[in-house]
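Quick notes on the structure that follows.
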Amino acid sequence: MSGFNPLPAVELNDIIQQCWEDSGKWFPVNTSTEVASDEHITFLMLALGGETGEAQNVWKKYLRGSITREEALEKLDEELIDVFIYLCNLFKIRNMRVGEAYAAKREFNQQRFDRSADRHVSGTAAGLRTPGGGPQ
Ligand SMILES: [Mg+2]
């Protein structure tokens, strides 16, 4: 059947809560307090950066020929989930309503980039002029 997904739908808030609980069990942080400590936020920010770097490193290895594209894409998926896990923990610390925050940011970006796209169409956006005298 086309489009059939045998896995149950999981709400983003459930994932965020699971990541938070796992973080309390697996890492040297205190998730029992209402207000996260600076140390906890620092730990998560550094871990997020570390995982982002691991994702970039995978792609670097592919580009320099150390691993195949297929190996890189498989490993990239793992590292992107690691990034997602730390993001979820930061969402939890901030008590973010991720869906609402995303919708608000998307609206902002839509207005920003739609205006930008209008300029691109008219050829007046800075940096997008063609070399040697394109549209001014
Ligand atoms: Mg990793």
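The way I read the labels, and the way they are meant: chains A, B, ... in the order of the structure tokens, residue 1 as the first residue of every chain, and ligand 1 as the first ligand shown, with later ones counted on from there.
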
Any chance you could tabulate, as a tab-separated table, the residues of chain A at most 9 Å from ligand 1 with each one's nearest atom pair and distance in Å to one decimal, using only C-alpha atoms and all ligand atoms, in chain and rising number order?
```
residue	atom	partner	partner_atom_place_in_ligand_line	distance
A:Gly50	CA	ligand 1	1 (Mg)	7.7
A:Glu51	CA	ligand 1	1 (Mg)	5.0
A:Thr52	CA	ligand 1	1 (Mg)	8.1
A:Gly53	CA	ligand 1	1 (Mg)	8.7
A:Glu54	CA	ligand 1	1 (Mg)	5.9
A:Ala55	CA	ligand 1	1 (Mg)	7.4
A:Lys75	CA	ligand 1	1 (Mg)	8.9
A:Glu78	CA	ligand 1	1 (Mg)	6.7
A:Glu79	CA	ligand 1	1 (Mg)	4.6
A:Leu80	CA	ligand 1	1 (Mg)	7.9
A:Ile81	CA	ligand 1	1 (Mg)	8.1
A:Asp82	CA	ligand 1	1 (Mg)	5.3
A:Val83	CA	ligand 1	1 (Mg)	7.6
```

- Query: Hey, what's within 8 Å of Thr31 of chain A if we count only C-alpha atoms and toss same-chain stuff fewer than 3 positions away? As a list in words, please?
  - Reply: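 The neighbour list is Trp20, Glu21, Ser23, Gly24, Glu34 and Ala36 of chain A.
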
Write the residues of the preceding selection, restricted to C-alpha atoms, as a compact mmCIF listing (two decimals), in the first residue's frame.
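Written output follows (again_1.txt):
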```txt
# COMPACT_ATOMS: atom_id res chain seq x y z
CA TRP A 20 15.24 14.79 28.49
CA GLU A 21 14.73 11.68 30.61
CA SER A 23 19.83 12.84 29.36
CA GLY A 24 19.18 12.66 33.10
CA GLU A 34 12.97 23.59 37.29
CA ALA A 36 18.57 24.58 34.27
```

- Query: Hey, what's within 10 Å of Gln18 of chain A if we count only C-alpha atoms and toss same-chain stuff fewer than 6 positions away? As a list in words, please?
  - Reply: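 Here the answer would be Leu12, Gly24, Ile85, Cys88 and Asn89 of chain A.
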
- Task: Tell me, as an MDAnalysis selection string, which residues lie within 12 Å of Phe27 of chain A, counting only C-alpha atoms; anything in the same chain fewer than 5 positions away does not count.
- Result: chainID A and resid 19:22 40 43:44 47 86 89

Write to file, as a PDB file, in the first residue's frame, the residues of the selection just made, with N, CA and C atoms.
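Just written: out01.pdb:
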```pdb
ATOM      1  N   CYS A  19      14.080  12.339  25.303  1.00  0.00           N
ATOM      2  CA  CYS A  19      15.476  12.799  25.257  1.00  0.00           C
ATOM      3  C   CYS A  19      15.881  13.397  26.598  1.00  0.00           C
ATOM      4  N   TRP A  20      14.977  14.155  27.204  1.00  0.00           N
ATOM      5  CA  TRP A  20      15.244  14.794  28.493  1.00  0.00           C
ATOM      6  C   TRP A  20      15.471  13.742  29.587  1.00  0.00           C
ATOM      7  N   GLU A  21      14.606  12.745  29.609  1.00  0.00           N
ATOM      8  CA  GLU A  21      14.730  11.679  30.611  1.00  0.00           C
ATOM      9  C   GLU A  21      16.006  10.874  30.392  1.00  0.00           C
ATOM     10  N   ASP A  22      16.313  10.581  29.150  1.00  0.00           N
ATOM     11  CA  ASP A  22      17.548   9.852  28.843  1.00  0.00           C
ATOM     12  C   ASP A  22      18.768  10.667  29.263  1.00  0.00           C
ATOM     13  N   HIS A  40      24.591  23.012  32.889  1.00  0.00           N
ATOM     14  CA  HIS A  40      23.794  22.103  32.070  1.00  0.00           C
ATOM     15  C   HIS A  40      23.627  22.658  30.652  1.00  0.00           C
ATOM     16  N   PHE A  43      26.915  22.343  28.861  1.00  0.00           N
ATOM     17  CA  PHE A  43      27.138  20.962  28.435  1.00  0.00           C
ATOM     18  C   PHE A  43      26.365  20.659  27.148  1.00  0.00           C
ATOM     19  N   LEU A  44      25.097  21.037  27.123  1.00  0.00           N
ATOM     20  CA  LEU A  44      24.277  20.730  25.945  1.00  0.00           C
ATOM     21  C   LEU A  44      24.717  21.526  24.713  1.00  0.00           C
ATOM     22  N   ALA A  47      27.867  19.891  23.461  1.00  0.00           N
ATOM     23  CA  ALA A  47      27.535  18.602  22.847  1.00  0.00           C
ATOM     24  C   ALA A  47      26.880  18.810  21.485  1.00  0.00           C
ATOM     25  N   TYR A  86      20.331  16.580  21.059  1.00  0.00           N
ATOM     26  CA  TYR A  86      20.765  17.720  21.884  1.00  0.00           C
ATOM     27  C   TYR A  86      19.863  18.932  21.680  1.00  0.00           C
ATOM     28  N   ASN A  89      16.905  18.436  23.920  1.00  0.00           N
ATOM     29  CA  ASN A  89      17.201  18.757  25.317  1.00  0.00           C
ATOM     30  C   ASN A  89      17.208  20.268  25.542  1.00  0.00           C
TER      31      ASN A  89
END
```

Looking only at alpha helix (DSSP H) from DSSP on the backbone, list the matching residues of segment 20-116 of chain A as an mmCIF file with C-alpha atoms, in the first residue's frame.
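Ended up saving to states.cif:
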```cif
data_model
loop_
_atom_site.group_PDB
_atom_site.id
_atom_site.type_symbol
_atom_site.label_atom_id
_atom_site.label_comp_id
_atom_site.auth_asym_id
_atom_site.auth_seq_id
_atom_site.Cartn_x
_atom_site.Cartn_y
_atom_site.Cartn_z
ATOM 1 C CA TRP A 20 15.244 14.794 28.493
ATOM 2 C CA GLU A 21 14.730 11.679 30.611
ATOM 3 C CA ASP A 22 17.548 9.852 28.843
ATOM 4 C CA SER A 23 19.827 12.841 29.363
ATOM 5 C CA GLY A 24 19.179 12.659 33.100
ATOM 6 C CA LYS A 25 20.123 8.977 33.142
ATOM 7 C CA TRP A 26 23.099 9.035 30.816
ATOM 8 C CA ASP A 38 24.486 27.346 33.374
ATOM 9 C CA GLU A 39 26.618 24.195 33.510
ATOM 10 C CA HIS A 40 23.794 22.103 32.070
ATOM 11 C CA ILE A 41 23.145 24.565 29.256
ATOM 12 C CA THR A 42 26.879 24.758 28.572
ATOM 13 C CA PHE A 43 27.138 20.962 28.435
ATOM 14 C CA LEU A 44 24.277 20.730 25.945
ATOM 15 C CA MET A 45 25.557 23.577 23.775
ATOM 16 C CA LEU A 46 29.019 22.022 23.591
ATOM 17 C CA ALA A 47 27.535 18.602 22.847
ATOM 18 C CA LEU A 48 25.373 20.117 20.097
ATOM 19 C CA GLY A 49 28.420 21.724 18.537
ATOM 20 C CA GLY A 50 30.362 18.490 18.862
ATOM 21 C CA GLU A 51 27.710 16.480 17.074
ATOM 22 C CA THR A 52 27.413 19.111 14.334
ATOM 23 C CA GLY A 53 31.167 18.831 13.890
ATOM 24 C CA GLU A 54 30.906 15.051 13.678
ATOM 25 C CA ALA A 55 28.347 15.416 10.879
ATOM 26 C CA GLN A 56 30.632 17.826 9.051
ATOM 27 C CA ASN A 57 33.590 15.488 9.561
ATOM 28 C CA VAL A 58 31.707 12.629 7.930
ATOM 29 C CA TRP A 59 31.111 14.731 4.834
ATOM 30 C CA LYS A 60 34.738 15.880 4.841
ATOM 31 C CA LYS A 61 35.870 12.234 4.847
ATOM 32 C CA TYR A 62 33.625 11.550 1.874
ATOM 33 C CA LEU A 63 34.879 14.578 -0.051
ATOM 34 C CA ARG A 69 29.113 8.339 -0.485
ATOM 35 C CA GLU A 70 26.867 5.558 0.776
ATOM 36 C CA GLU A 71 28.953 5.199 3.959
ATOM 37 C CA ALA A 72 28.915 8.950 4.428
ATOM 38 C CA LEU A 73 25.155 9.240 4.048
ATOM 39 C CA GLU A 74 24.544 6.394 6.502
ATOM 40 C CA LYS A 75 26.883 7.922 9.087
ATOM 41 C CA LEU A 76 25.483 11.384 8.408
ATOM 42 C CA ASP A 77 22.022 10.145 9.380
ATOM 43 C CA GLU A 78 23.406 8.958 12.732
ATOM 44 C CA GLU A 79 25.121 12.256 13.436
ATOM 45 C CA LEU A 80 22.073 14.297 12.467
ATOM 46 C CA ILE A 81 20.017 12.341 14.996
ATOM 47 C CA ASP A 82 22.672 13.105 17.605
ATOM 48 C CA VAL A 83 22.280 16.794 16.746
ATOM 49 C CA PHE A 84 18.504 16.419 17.029
ATOM 50 C CA ILE A 85 18.785 14.811 20.490
ATOM 51 C CA TYR A 86 20.765 17.720 21.884
ATOM 52 C CA LEU A 87 18.396 20.188 20.260
ATOM 53 C CA CYS A 88 15.499 18.384 21.936
ATOM 54 C CA ASN A 89 17.201 18.757 25.317
ATOM 55 C CA LEU A 90 17.692 22.467 24.713
ATOM 56 C CA PHE A 91 14.041 22.789 23.661
ATOM 57 C CA LYS A 92 13.096 21.131 26.940
ATOM 58 C CA ILE A 93 15.279 23.410 29.026
ATOM 59 C CA VAL A 98 8.475 23.941 19.230
ATOM 60 C CA GLY A 99 5.576 23.773 16.808
ATOM 61 C CA GLU A 100 4.487 27.319 17.600
ATOM 62 C CA ALA A 101 8.055 28.628 17.550
ATOM 63 C CA TYR A 102 8.636 26.937 14.210
ATOM 64 C CA ALA A 103 5.438 28.378 12.748
ATOM 65 C CA ALA A 104 6.351 31.888 13.921
ATOM 66 C CA LYS A 105 9.871 31.618 12.520
ATOM 67 C CA ARG A 106 8.579 30.178 9.254
ATOM 68 C CA GLU A 107 6.201 33.121 8.895
ATOM 69 C CA PHE A 108 9.084 35.517 9.534
ATOM 70 C CA ASN A 109 11.293 33.741 6.998
ATOM 71 C CA GLN A 110 8.497 33.559 4.472
ATOM 72 C CA GLN A 111 8.032 37.324 4.579
ATOM 73 C CA ARG A 112 11.769 37.917 4.551
ATOM 74 C CA PHE A 113 12.608 35.592 1.687
ATOM 75 C CA ASP A 114 9.499 36.291 -0.356
ATOM 76 C CA ARG A 115 10.541 39.969 -0.406
ATOM 77 C CA SER A 116 14.080 38.856 -1.195
#
```

- Task: Can you work out the spacing between atom CA of Val35 of chain A and atom CA of Ile15 of chain A in Å, to one decimal?
- Result: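 A separation of 20.3 Å between them.
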